[in-house]
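Shown below: upload08.csv, with CSV, C-alpha atoms.
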chain,number,residue,atom,x,y,z
A,1,MET,CA,14.0,-134.7,46.0
A,2,ASP,CA,17.2,-133.2,47.4
A,3,THR,CA,17.2,-130.6,44.6
A,4,GLU,CA,13.6,-129.7,45.0
A,5,GLU,CA,12.4,-126.5,46.6
A,6,ARG,CA,10.7,-127.0,50.0
A,7,LEU,CA,7.9,-124.5,50.6
A,8,ALA,CA,6.2,-123.2,53.7
A,9,VAL,CA,2.8,-121.5,53.1
A,10,PHE,CA,1.4,-118.9,55.4
A,11,LEU,CA,-2.1,-117.5,54.7
A,12,ASP,CA,-3.4,-114.2,56.1
A,13,TYR,CA,-6.8,-115.6,55.5
A,14,GLU,CA,-9.0,-112.6,56.3
A,15,ASN,CA,-7.0,-110.4,53.9
A,16,LEU,CA,-7.5,-113.0,51.1
A,17,ALA,CA,-11.2,-113.7,51.8
A,18,LEU,CA,-12.2,-110.1,52.1
A,19,GLY,CA,-10.1,-109.2,49.0
A,20,ALA,CA,-11.9,-111.8,46.9
A,21,ARG,CA,-15.3,-110.8,48.1
A,22,GLU,CA,-14.8,-107.0,47.6
A,23,HIS,CA,-12.8,-106.9,44.5
A,24,LEU,CA,-13.6,-110.1,42.6
A,25,GLY,CA,-17.4,-109.7,42.2
A,26,GLY,CA,-18.2,-111.3,45.6
A,27,MET,CA,-16.7,-114.7,44.7
A,28,GLN,CA,-15.6,-117.1,47.4
A,29,PHE,CA,-11.9,-117.6,48.0
A,30,ASP,CA,-10.6,-121.1,47.0
A,31,PHE,CA,-7.2,-122.5,48.0
A,32,GLN,CA,-7.1,-125.0,45.1
A,33,PRO,CA,-5.6,-122.6,42.5
A,34,ILE,CA,-2.9,-121.6,44.9
A,35,ALA,CA,-2.1,-125.2,45.7
A,36,ASP,CA,-1.8,-126.1,42.0
A,37,ALA,CA,0.4,-123.0,41.3
A,38,LEU,CA,2.8,-124.0,44.2
A,39,ALA,CA,2.9,-127.7,43.3
A,40,VAL,CA,4.9,-126.8,40.1
A,41,ARG,CA,7.3,-124.7,42.1
A,42,GLY,CA,8.3,-127.3,44.7
A,43,ARG,CA,7.3,-129.5,47.6
A,44,VAL,CA,5.0,-127.9,50.1
A,45,VAL,CA,6.0,-129.1,53.6
A,46,THR,CA,3.6,-127.0,55.8
A,47,ARG,CA,0.5,-124.9,55.3
A,48,ARG,CA,-0.9,-122.6,58.0
A,49,ALA,CA,-3.8,-120.2,57.9
A,50,TYR,CA,-4.5,-117.5,60.5
A,51,ALA,CA,-7.9,-116.0,61.3
A,52,ASP,CA,-10.7,-115.8,63.7
A,53,TRP,CA,-12.5,-118.9,62.3
A,54,SER,CA,-15.8,-118.1,63.9
A,55,TYR,CA,-16.2,-115.7,61.0
A,56,PHE,CA,-15.2,-118.3,58.4
A,57,ASP,CA,-17.0,-121.4,59.6
A,58,GLU,CA,-17.7,-122.9,56.2
A,59,ASP,CA,-14.3,-122.0,54.8
A,60,ARG,CA,-12.7,-124.3,57.4
A,61,ARG,CA,-13.9,-127.4,55.6
A,62,MET,CA,-12.4,-126.3,52.4
A,63,LEU,CA,-9.0,-125.6,54.0
A,64,THR,CA,-9.1,-128.8,55.9
A,65,ARG,CA,-9.5,-130.7,52.7
A,66,HIS,CA,-6.3,-129.1,51.5
A,67,GLN,CA,-4.5,-130.1,54.7
A,68,VAL,CA,-4.1,-126.6,55.9
A,69,GLU,CA,-3.4,-126.1,59.6
A,70,LEU,CA,-5.9,-123.6,61.1
A,71,ILE,CA,-4.4,-121.2,63.6
A,72,GLU,CA,-7.2,-119.7,65.8
A,73,MET,CA,-6.8,-116.1,66.7
A,74,PRO,CA,-10.0,-114.7,68.4
A,75,GLN,CA,-10.7,-111.1,67.7
A,76,ARG,CA,-13.7,-110.4,69.9
A,77,MET,CA,-11.6,-110.0,73.1
A,78,GLY,CA,-11.0,-106.3,72.4
A,79,ALA,CA,-9.4,-103.8,70.0
A,80,SER,CA,-5.9,-104.6,71.3
A,81,ARG,CA,-6.0,-107.9,69.5
A,82,LYS,CA,-6.7,-106.3,66.1
A,83,ASN,CA,-3.4,-107.4,64.7
A,84,ALA,CA,-3.0,-110.6,66.7
A,85,ALA,CA,-3.2,-112.9,63.7
A,86,ASP,CA,-0.6,-110.8,61.8
A,87,ILE,CA,1.8,-110.9,64.7
A,88,LYS,CA,1.4,-114.6,65.3
A,89,MET,CA,2.0,-115.2,61.6
A,90,VAL,CA,5.3,-113.2,61.6
A,91,VAL,CA,6.5,-114.9,64.8
A,92,ASP,CA,5.9,-118.4,63.3
A,93,ALA,CA,7.6,-117.5,60.0
A,94,ILE,CA,10.7,-116.2,61.7
A,95,GLU,CA,10.8,-119.2,64.1
A,96,MET,CA,10.5,-121.6,61.2
A,97,ALA,CA,13.2,-119.8,59.2
A,98,PHE,CA,15.7,-120.5,62.1
A,99,GLU,CA,14.6,-123.9,63.1
A,100,ARG,CA,13.8,-125.5,59.7
A,101,GLU,CA,16.9,-124.9,57.6
A,102,TYR,CA,15.6,-127.3,55.0
A,103,ILE,CA,12.8,-124.9,54.1
A,104,SER,CA,14.1,-122.9,51.2
A,105,THR,CA,11.0,-120.9,50.1
A,106,PHE,CA,8.4,-119.0,52.2
A,107,VAL,CA,5.0,-118.3,50.5
A,108,MET,CA,3.3,-115.3,52.1
A,109,CYS,CA,-0.4,-115.2,51.0
A,110,THR,CA,-1.4,-111.7,51.8
A,111,GLY,CA,-1.7,-108.3,50.2
A,112,ASP,CA,-0.9,-106.3,53.4
A,113,SER,CA,2.2,-104.1,53.1
A,114,ASP,CA,2.7,-104.5,56.9
A,115,PHE,CA,4.4,-107.9,56.0
A,116,SER,CA,7.1,-106.1,53.9
A,117,PRO,CA,9.6,-106.1,56.8
A,118,LEU,CA,9.1,-109.8,57.3
A,119,VAL,CA,9.8,-110.4,53.6
A,120,HIS,CA,13.0,-108.4,53.8
A,121,LYS,CA,14.1,-110.3,56.9
A,122,LEU,CA,13.5,-113.7,55.3
A,123,ARG,CA,15.5,-112.7,52.2
A,124,GLU,CA,18.3,-111.6,54.5
A,125,LEU,CA,18.2,-115.1,55.9
A,126,ASP,CA,18.8,-116.5,52.4
A,127,LYS,CA,15.2,-117.6,52.0
A,128,ARG,CA,13.2,-117.2,48.7
A,129,VAL,CA,9.9,-115.5,49.2
A,130,ILE,CA,6.8,-115.9,47.0
A,131,GLY,CA,3.9,-113.6,47.6
A,132,VAL,CA,0.2,-114.3,46.7
A,133,GLY,CA,-2.6,-111.7,46.9
A,134,VAL,CA,-5.7,-110.4,45.2
A,135,GLU,CA,-4.5,-107.8,42.7
A,136,LYS,CA,-6.8,-104.8,43.7
A,137,SER,CA,-6.3,-105.4,47.4
A,138,THR,CA,-2.5,-105.8,47.3
A,139,SER,CA,-0.3,-102.9,48.4
A,140,ARG,CA,2.2,-101.7,45.7
A,141,LEU,CA,5.0,-102.1,48.2
A,142,LEU,CA,4.7,-105.8,48.8
A,143,PRO,CA,5.2,-107.4,45.2
A,144,SER,CA,8.5,-105.5,44.7
A,145,ALA,CA,9.8,-106.9,48.0
A,146,CYS,CA,9.2,-110.5,47.1
A,147,ASP,CA,11.3,-112.7,44.7
A,148,GLU,CA,8.1,-113.6,42.9
A,149,PHE,CA,4.5,-112.5,43.3
A,150,LEU,CA,1.4,-114.3,42.1
A,151,PHE,CA,-1.9,-112.4,41.7
A,152,TYR,CA,-4.7,-114.8,42.8
A,153,ASP,CA,-7.1,-113.5,40.2
A,154,ARG,CA,-4.6,-114.4,37.4
A,155,LEU,CA,-4.1,-118.0,38.5
A,156,GLU,CA,-5.4,-120.9,36.4
A,157,GLY,CA,-8.7,-122.0,37.7
A,158,VAL,CA,-9.9,-118.7,39.1
A,159,GLU,CA,-12.8,-117.4,37.0
A,160,VAL,CA,-13.5,-113.9,38.0
A,161,PRO,CA,-17.2,-112.9,37.4
A,162,ASP,CA,-17.8,-110.1,35.0
A,163,GLU,CA,-19.7,-107.6,37.1
A,164,SER,CA,-20.6,-105.3,34.2
A,165,GLU,CA,-22.4,-108.1,32.4
A,166,ALA,CA,-23.9,-109.8,35.5
A,167,ARG,CA,-27.6,-110.6,35.2
A,168,PRO,CA,-30.0,-111.2,38.2
A,169,LYS,CA,-31.3,-114.7,38.2
A,170,LYS,CA,-34.9,-115.5,38.8
A,171,SER,CA,-35.9,-116.1,42.4
A,172,SER,CA,-32.3,-115.8,43.4
A,173,SER,CA,-33.2,-114.7,46.9
A,174,LYS,CA,-35.3,-117.8,47.5
A,175,ARG,CA,-32.7,-120.1,46.2
A,176,SER,CA,-29.8,-118.6,48.0
A,177,GLY,CA,-31.4,-118.5,51.4
A,178,GLY,CA,-28.3,-116.8,52.8
A,179,SER,CA,-26.0,-119.7,51.9
A,180,GLY,CA,-24.4,-117.8,49.0
A,181,ARG,CA,-22.5,-115.3,51.1
A,182,SER,CA,-18.8,-115.0,50.4
A,183,ALA,CA,-16.0,-116.3,52.6
A,184,GLY,CA,-15.2,-112.9,53.9
A,185,THR,CA,-18.7,-112.1,55.2
A,186,ARG,CA,-18.4,-111.4,58.9
A,187,THR,CA,-21.6,-113.0,59.8
A,188,ALA,CA,-20.7,-116.3,58.1
A,189,GLY,CA,-20.9,-119.4,60.2
A,190,THR,CA,-22.1,-117.7,63.4
A,191,SER,CA,-24.2,-119.6,65.9
A,192,ALA,CA,-27.8,-118.8,66.7
A,193,SER,CA,-26.9,-117.2,70.0
A,194,ARG,CA,-24.4,-114.9,68.4
A,195,ALA,CA,-26.8,-114.0,65.6
A,196,LYS,CA,-29.3,-112.7,68.3
A,197,ALA,CA,-26.7,-110.6,70.1
A,198,ALA,CA,-24.9,-109.1,67.1
A,199,PRO,CA,-26.5,-106.2,65.2
A,200,VAL,CA,-27.7,-106.8,61.7
A,201,THR,CA,-25.1,-105.9,59.1
A,202,ASP,CA,-25.6,-104.2,55.8
A,203,SER,CA,-24.7,-107.4,54.0
A,204,ALA,CA,-27.6,-109.3,55.5
A,205,PRO,CA,-30.6,-109.7,53.2
A,206,ALA,CA,-33.5,-107.3,54.0
A,207,ASP,CA,-36.0,-110.1,53.7
A,208,ASP,CA,-34.4,-112.1,56.4
A,209,ALA,CA,-34.9,-109.4,59.0
A,210,ALA,CA,-38.6,-108.9,58.2
A,211,PRO,CA,-41.2,-110.9,60.2
A,212,ALA,CA,-43.0,-113.7,58.5
A,213,ASP,CA,-46.5,-112.9,57.2
A,214,ASP,CA,-48.1,-115.7,59.1
A,215,ALA,CA,-46.4,-114.9,62.5
A,216,VAL,CA,-48.9,-114.8,65.4
A,217,PRO,CA,-48.2,-112.5,68.4
A,218,ALA,CA,-47.4,-114.3,71.6
A,219,ALA,CA,-50.1,-114.4,74.2
A,220,PRO,CA,-49.2,-114.5,77.9
A,221,SER,CA,-50.1,-117.7,79.8
A,222,SER,CA,-50.9,-118.3,83.4
A,223,GLY,CA,-47.4,-119.4,84.2
A,224,GLY,CA,-45.9,-116.1,83.1
A,225,ARG,CA,-44.5,-117.6,79.9
A,226,THR,CA,-45.5,-116.8,76.5
A,227,ARG,CA,-46.9,-119.2,74.0
A,228,ARG,CA,-46.7,-118.9,70.3
A,229,LYS,CA,-49.2,-120.4,68.0
A,230,LYS,CA,-47.7,-122.6,65.4
A,231,PRO,CA,-48.2,-121.1,61.9
A,232,GLU,CA,-50.0,-123.2,59.3
A,233,ILE,CA,-47.7,-124.6,56.7
A,234,THR,CA,-48.9,-124.8,53.1
A,235,LEU,CA,-46.9,-126.5,50.5
A,236,PRO,CA,-46.4,-124.7,47.2
A,237,GLU,CA,-48.0,-126.0,44.0
A,238,PRO,CA,-45.6,-128.2,41.9
A,239,VAL,CA,-43.9,-126.2,39.2
A,240,ASP,CA,-42.6,-127.7,35.9
A,241,VAL,CA,-38.9,-127.1,35.8
A,242,PRO,CA,-37.3,-127.4,32.4
A,243,ASP,CA,-34.3,-129.7,32.1
A,244,ARG,CA,-31.1,-127.9,31.7
A,245,ALA,CA,-27.4,-128.4,32.3
A,246,PRO,CA,-26.2,-128.1,35.9
A,247,GLU,CA,-24.4,-124.9,36.9
A,248,PRO,CA,-20.6,-124.8,36.8
A,249,ALA,CA,-18.6,-126.0,39.7
A,250,ASN,CA,-15.5,-124.4,41.1
A,251,ASP,CA,-13.8,-127.3,42.8
A,252,GLU,CA,-12.0,-128.9,39.9
A,253,ASP,CA,-12.5,-127.0,36.7
A,254,ASP,CA,-14.0,-123.5,36.8
A,255,ASP,CA,-16.2,-124.2,33.7
A,256,ALA,CA,-16.8,-127.9,34.0
A,257,PRO,CA,-20.3,-129.1,34.9
A,258,VAL,CA,-21.0,-130.7,38.2
A,259,GLY,CA,-20.0,-134.4,38.2
A,260,GLU,CA,-17.7,-134.0,35.2
A,261,PRO,CA,-14.1,-133.3,36.5
A,262,PRO,CA,-11.3,-132.4,34.1
A,263,THR,CA,-9.9,-135.3,32.2
A,264,MET,CA,-6.4,-136.6,32.8
A,265,GLU,CA,-5.3,-135.0,29.5
A,266,VAL,CA,-6.4,-131.6,30.8
A,267,LYS,CA,-4.6,-132.1,34.2
A,268,VAL,CA,-1.4,-133.1,32.4
A,269,ALA,CA,-1.5,-130.1,30.1
A,270,GLN,CA,-2.2,-127.7,32.9
A,271,THR,CA,0.6,-129.1,35.0
A,272,LEU,CA,3.0,-129.1,32.1
A,273,ALA,CA,2.1,-125.5,31.3
A,274,GLY,CA,2.8,-124.4,34.9
A,275,LEU,CA,6.1,-126.2,34.9
A,276,GLN,CA,7.2,-124.6,31.7
A,277,GLY,CA,6.3,-121.2,33.0
A,278,SER,CA,8.2,-121.6,36.3
A,279,ALA,CA,11.1,-123.9,35.5
A,280,SER,CA,14.3,-122.4,34.0
A,281,GLY,CA,15.1,-125.5,31.9
A,282,SER,CA,13.3,-128.2,30.1
A,283,VAL,CA,10.7,-130.4,31.9
A,284,THR,CA,11.5,-134.1,32.0
A,285,ALA,CA,9.0,-137.0,32.4
A,286,SER,CA,10.2,-137.7,35.9
A,287,GLN,CA,9.7,-134.1,37.0
A,288,LEU,CA,6.2,-134.0,35.4
A,289,LYS,CA,5.2,-137.2,37.3
A,290,ARG,CA,6.5,-135.9,40.7
A,291,THR,CA,4.4,-132.7,40.2
A,292,LEU,CA,1.3,-134.7,39.2
A,293,VAL,CA,1.6,-136.8,42.4
A,294,ARG,CA,2.0,-133.6,44.4
A,295,LYS,CA,-1.2,-132.3,43.0
A,296,GLU,CA,-3.0,-135.6,43.3
A,297,PRO,CA,-1.3,-138.0,45.6
A,298,THR,CA,-3.4,-140.9,44.4
A,299,PHE,CA,-2.3,-140.5,40.8
A,300,SER,CA,-1.2,-143.7,39.1
A,301,GLU,CA,-0.9,-144.4,35.4
A,302,SER,CA,-2.1,-147.9,36.0
A,303,ASP,CA,-5.6,-146.5,36.8
A,304,TYR,CA,-5.8,-145.4,33.2
A,305,GLY,CA,-4.7,-148.8,31.8
A,306,PHE,CA,-0.9,-148.1,31.3
A,307,ARG,CA,2.0,-150.1,32.7
A,308,THR,CA,4.5,-147.3,32.9
A,309,PHE,CA,4.3,-143.5,32.9
A,310,GLY,CA,6.4,-143.4,29.7
A,311,GLU,CA,3.7,-145.5,28.0
A,312,PHE,CA,1.1,-143.0,29.2
A,313,LEU,CA,3.1,-140.1,27.8
A,314,ARG,CA,3.5,-141.9,24.4
A,315,TYR,CA,-0.3,-142.3,24.3
A,316,LEU,CA,-0.7,-138.5,25.0
A,317,ALA,CA,1.9,-137.7,22.3
A,318,ASP,CA,0.0,-139.8,19.7
A,319,ARG,CA,-3.1,-137.6,20.5
A,320,ASP,CA,-1.0,-134.4,20.1
A,321,VAL,CA,-1.5,-133.5,23.8
A,322,VAL,CA,2.3,-133.4,24.5
A,323,VAL,CA,5.5,-133.5,22.4
A,324,LEU,CA,8.3,-135.9,23.5
A,325,THR,CA,12.0,-135.4,22.6
A,326,GLU,CA,15.1,-137.1,23.8
A,327,GLY,CA,16.1,-136.2,27.3
A,328,PRO,CA,19.4,-136.0,29.3
A,329,SER,CA,19.1,-139.6,30.3
A,330,SER,CA,17.6,-142.6,28.6
A,331,GLY,CA,14.1,-143.4,29.6
A,332,ASP,CA,13.4,-139.8,30.9
A,333,PRO,CA,12.4,-137.8,27.8
A,334,VAL,CA,11.8,-134.1,27.7
A,335,VAL,CA,8.0,-133.2,27.7
A,336,GLU,CA,6.7,-130.1,26.0
A,337,LEU,CA,3.3,-128.7,25.0
A,338,PRO,CA,2.5,-128.3,21.3
A,339,GLU,CA,2.9,-124.8,19.9
A,340,GLN,CA,0.2,-122.5,21.4
A,341,PRO,CA,-2.3,-121.3,18.8
A,342,ASP,CA,-2.9,-117.6,18.4
A,343,SER,CA,-6.2,-115.9,19.1
A,344,ALA,CA,-7.5,-116.5,15.6
A,345,LYS,CA,-6.9,-120.2,15.8
A,346,ALA,CA,-8.5,-120.3,19.2
A,347,PHE,CA,-11.6,-118.6,17.8
A,348,ASP,CA,-11.8,-121.2,15.1
A,349,LEU,CA,-11.5,-123.9,17.8
A,350,LEU,CA,-14.4,-122.3,19.7
A,351,ARG,CA,-16.5,-122.1,16.5
A,352,ALA,CA,-15.9,-125.7,15.7
A,353,VAL,CA,-17.0,-126.8,19.2
A,354,VAL,CA,-20.2,-124.7,19.0
A,355,GLN,CA,-20.9,-126.2,15.5
A,356,GLU,CA,-20.5,-129.7,16.9
A,357,ALA,CA,-23.1,-128.8,19.6
A,358,GLY,CA,-25.7,-128.0,16.9
A,359,GLY,CA,-24.8,-124.3,16.4
A,360,THR,CA,-25.8,-123.1,19.9
A,361,ALA,CA,-24.2,-123.9,23.2
A,362,ALA,CA,-24.5,-122.5,26.8
A,363,LEU,CA,-21.5,-120.8,28.2
A,364,SER,CA,-21.6,-123.0,31.3
A,365,GLY,CA,-19.6,-126.1,30.5
A,366,LEU,CA,-18.4,-124.9,27.1
A,367,LYS,CA,-14.8,-124.5,28.2
A,368,ASN,CA,-14.8,-128.1,29.2
A,369,HIS,CA,-15.9,-129.2,25.7
A,370,VAL,CA,-13.2,-127.0,24.2
A,371,ARG,CA,-10.6,-128.7,26.4
A,372,LYS,CA,-11.8,-132.1,25.1
A,373,ARG,CA,-10.7,-131.0,21.7
A,374,ARG,CA,-7.5,-129.3,22.9
A,375,PRO,CA,-6.5,-130.2,26.5
A,376,ASP,CA,-3.8,-127.5,26.8
A,377,PHE,CA,-6.3,-124.7,26.0
A,378,SER,CA,-6.1,-121.8,28.4
A,379,GLU,CA,-7.6,-118.4,27.7
A,380,LYS,CA,-5.2,-116.9,30.3
A,381,ALA,CA,-2.3,-118.0,28.1
A,382,LEU,CA,-3.8,-116.0,25.3
A,383,GLY,CA,-4.0,-112.9,27.5
A,384,TYR,CA,-7.7,-113.0,28.5
A,385,GLY,CA,-8.8,-112.7,32.1
A,386,GLY,CA,-11.5,-115.3,31.9
A,387,PHE,CA,-13.4,-117.6,29.5
A,388,LEU,CA,-16.3,-115.1,29.2
A,389,GLN,CA,-13.9,-112.4,28.1
A,390,PHE,CA,-12.4,-114.8,25.5
A,391,CYS,CA,-15.9,-115.5,24.1
A,392,LYS,CA,-16.6,-111.7,24.0
A,393,ALA,CA,-13.4,-111.3,22.0
A,394,ALA,CA,-14.5,-114.1,19.7
A,395,ALA,CA,-17.9,-112.4,19.2
A,396,ALA,CA,-16.1,-109.1,18.4
A,397,ALA,CA,-14.1,-110.9,15.8
A,398,ASP,CA,-17.4,-112.3,14.3
A,399,ALA,CA,-16.4,-115.8,15.0
A,400,VAL,CA,-19.4,-116.5,17.2
A,401,SER,CA,-22.4,-114.5,18.6
A,402,LEU,CA,-22.8,-114.1,22.4
A,403,ALA,CA,-26.1,-113.1,24.0
A,404,TRP,CA,-27.7,-113.5,27.4
A,405,ASP,CA,-30.8,-115.7,27.6
A,406,ASP,CA,-33.2,-115.1,30.5
A,407,ASP,CA,-34.9,-118.4,30.2
A,408,ALA,CA,-31.7,-120.4,30.4
A,409,GLU,CA,-30.2,-117.9,32.9
A,410,ASP,CA,-26.9,-118.2,31.0
A,411,TYR,CA,-25.0,-116.8,28.0
A,412,LEU,CA,-25.7,-118.6,24.7
A,413,VAL,CA,-22.9,-118.9,22.2
A,414,THR,CA,-24.1,-119.3,18.6
A,415,LEU,CA,-22.5,-119.4,15.2
A,416,ALA,CA,-22.1,-115.9,13.8
As structure tokens - that is how I would like this structure written.
Amino acid sequence: MDTEERLAVFLDYENLALGAREHLGGMQFDFQPIADALAVRGRVVTRRAYADWSYFDEDRRMLTRHQVELIEMPQRMGASRKNAADIKMVVDAIEMAFEREYISTFVMCTGDSDFSPLVHKLRELDKRVIGVGVEKSTSRLLPSACDEFLFYDRLEGVEVPDESEARPKKSSSKRSGGSGRSAGTRTAGTSASRAKAAPVTDSAPADDAAPADDAVPAAPSSGGRTRRKKPEITLPEPVDVPDRAPEPANDEDDDAPVGEPPTMEVKVAQTLAGLQGSASGSVTASQLKRTLVRKEPTFSESDYGFRTFGEFLRYLADRDVVVLTEGPSSGDPVVELPEQPDSAKAFDLLRAVVQEAGGTAALSGLKNHVRKRRPDFSEKALGYGGFLQFCKAAAAADAVSLAWDDDAEDYLVTLA
């Protein structure tokens, strides 16, 4: 551990959340892809996020699960506190640079160019700086100032929706009920009292502001108060809902169905791919296990029926998930991924998975089935921005056919 990088993470949360909402098809910001990307670069010793959390009430739970310290910076006290969160973040970073000498790397999660002087000062203090931001909302001045910059929308696990191919779902307004708002929406998480006082924003659904059809005008009573007649409640008639696969979840695997998290083979392959991309030398078994434990502190090879981690790696090597070679010391082999297939081989893999499914498969959950066949599969490693884009390329190559199905409310992938 003495040779490992020690990371301090600072999140300008409003910048990230609004950037994801406005430039990534309205998707909600998730800290998990950033946590996984940083786990392969060192040991994170502190995580702090700065925002007025009354605007991001639901996001607090997600960040708390990732052990992020929430720094409250209220913004409703006046225009003079507009940059209060940014100033507090800069002060804390500089203070930590002087008082925590063991911290070697500062991770600044923002796309605001106003933090460029902070980045320059940290590098003057012999600190390594990694930047993280949404690509389209990141200033061109900030990435060049950092030692390394990670675009959030390119990280493994971030599936950016394709806006040009988006299809409206049936009865989406009824199903959403306002809960589908993104993390950056200003009205998210507000209390009932503040909702009455605040004006209705453009992002609020129009149906929510309209009065109900069965609302009855209030009639004055003798006591000066008004009484409102309770509206009659009628239950809708039961509707037969066809059975279909659950929608994708974004917690563990962006294309895995709910209740079906990525297998351990997939987690090992993803972690090893990240280490090979960030490490300058070869990746040893001990380094791989330390990174797996950083990602999942409860990890233990005994949970999978193996006595040692080396035995677990030999099992994965027999299944062609990893390749083991002799390492610098006995008992600590070098671990590598098999040779990555080119796009043509990846298309053949997709075609084989669709054929196993009977010739037709829904896009939701299909990536998880592909990874069951090849755990180290990653469309981003092949140069595609997302799995939908990869399937479109496969369709253009006549490997499969891709079409939207209104009944299934999903893309259907069939054999060409």
Counting all atoms listed in the file, what is within 10 Å of Glu296 (chain A), bar same-chain residues fewer than 6 positions away, as a PDB file with C-alpha atoms, in the coordinates of the input?
ATOM      1  CA  ASP A  36      -1.800-126.100  42.000  1.00  0.00           C
ATOM      2  CA  ALA A  39       2.900-127.700  43.300  1.00  0.00           C
ATOM      3  CA  LYS A 267      -4.600-132.100  34.200  1.00  0.00           C
ATOM      4  CA  ARG A 290       6.500-135.900  40.700  1.00  0.00           C
TER       5      ARG A 290
END
For the atom pair CA of Leu7 (chain A) and CA of Gly19 (chain A), what is the interatomic distance in Å to one decimal place?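 These atoms are spaced 23.7 Å apart.
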CA of Met73 (chain A) to CA of Lys88 (chain A) measures 8.5 Å
Show which residues sit within 10 Å of Val334 (chain A), as a list in words. Count all atoms listed in the file, and ignore same-chain residues fewer than 5 positions away.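 Here the qualifying residues turn out to be Ser282, Val283, Thr284, Ala285, Ser286, Gln287, Leu288, Val323, Leu324, Thr325, Glu326, Gly327, Pro328 and Ser329 of chain A.
CA of Ser139 (chain A) is found 16.2 Å from CA of Leu24 (chain A).
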Region 346-360 of chain A surroundings by all atoms listed in the file, 8 Å radius, close-in-sequence under 2 positions cut, as a PDB file with C-alpha atoms, in the coordinates of the input:
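What follows is the written file selection22.pdb:
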ATOM      1  CA  PRO A 341      -2.300-121.300  18.800  1.00  0.00           C
ATOM      2  CA  ASP A 342      -2.900-117.600  18.400  1.00  0.00           C
ATOM      3  CA  SER A 343      -6.200-115.900  19.100  1.00  0.00           C
ATOM      4  CA  ALA A 344      -7.500-116.500  15.600  1.00  0.00           C
ATOM      5  CA  ALA A 362     -24.500-122.500  26.800  1.00  0.00           C
ATOM      6  CA  HIS A 369     -15.900-129.200  25.700  1.00  0.00           C
ATOM      7  CA  VAL A 370     -13.200-127.000  24.200  1.00  0.00           C
ATOM      8  CA  ARG A 373     -10.700-131.000  21.700  1.00  0.00           C
ATOM      9  CA  ALA A 394     -14.500-114.100  19.700  1.00  0.00           C
ATOM     10  CA  ALA A 399     -16.400-115.800  15.000  1.00  0.00           C
ATOM     11  CA  VAL A 400     -19.400-116.500  17.200  1.00  0.00           C
ATOM     12  CA  LEU A 412     -25.700-118.600  24.700  1.00  0.00           C
ATOM     13  CA  VAL A 413     -22.900-118.900  22.200  1.00  0.00           C
ATOM     14  CA  THR A 414     -24.100-119.300  18.600  1.00  0.00           C
ATOM     15  CA  LEU A 415     -22.500-119.400  15.200  1.00  0.00           C
TER      16      LEU A 415
END
Using only C-alpha atoms, the shortest atom-to-atom distance to Gly26 (chain A) among A:Asp303, A:Asp405, A:Asp52, A:Glu159 belongs to A:Glu159
Looking at only C-alpha atoms, which of A:Arg48, A:Arg41, A:Lys380, A:Arg128 is the one that sits closest to His66 (chain A)?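 Ranking A:Arg48, A:Arg41, A:Lys380, A:Arg128 by distance to His66 (chain A), first place goes to A:Arg48.
Comparing the minimum interatomic distances between Pro333 (chain A) and each of A:Phe309, A:Trp404, A:Tyr304, A:Phe377, counting all atoms listed in the file, we find that A:Phe309 sits nearest.
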Give me the residues near Lys295 (chain A) as a list in words, where near means some atom within 10 Å (using all atoms listed in the file) and where sequence neighbours in that chain fewer than 2 positions away do not count. Gln32, Ala35, Asp36, Ala37, Leu38, Ala39, Val40, Lys267, Thr271, Lys289, Arg290, Thr291, Leu292, Val293, Pro297, Thr298 and Phe299 of chain A
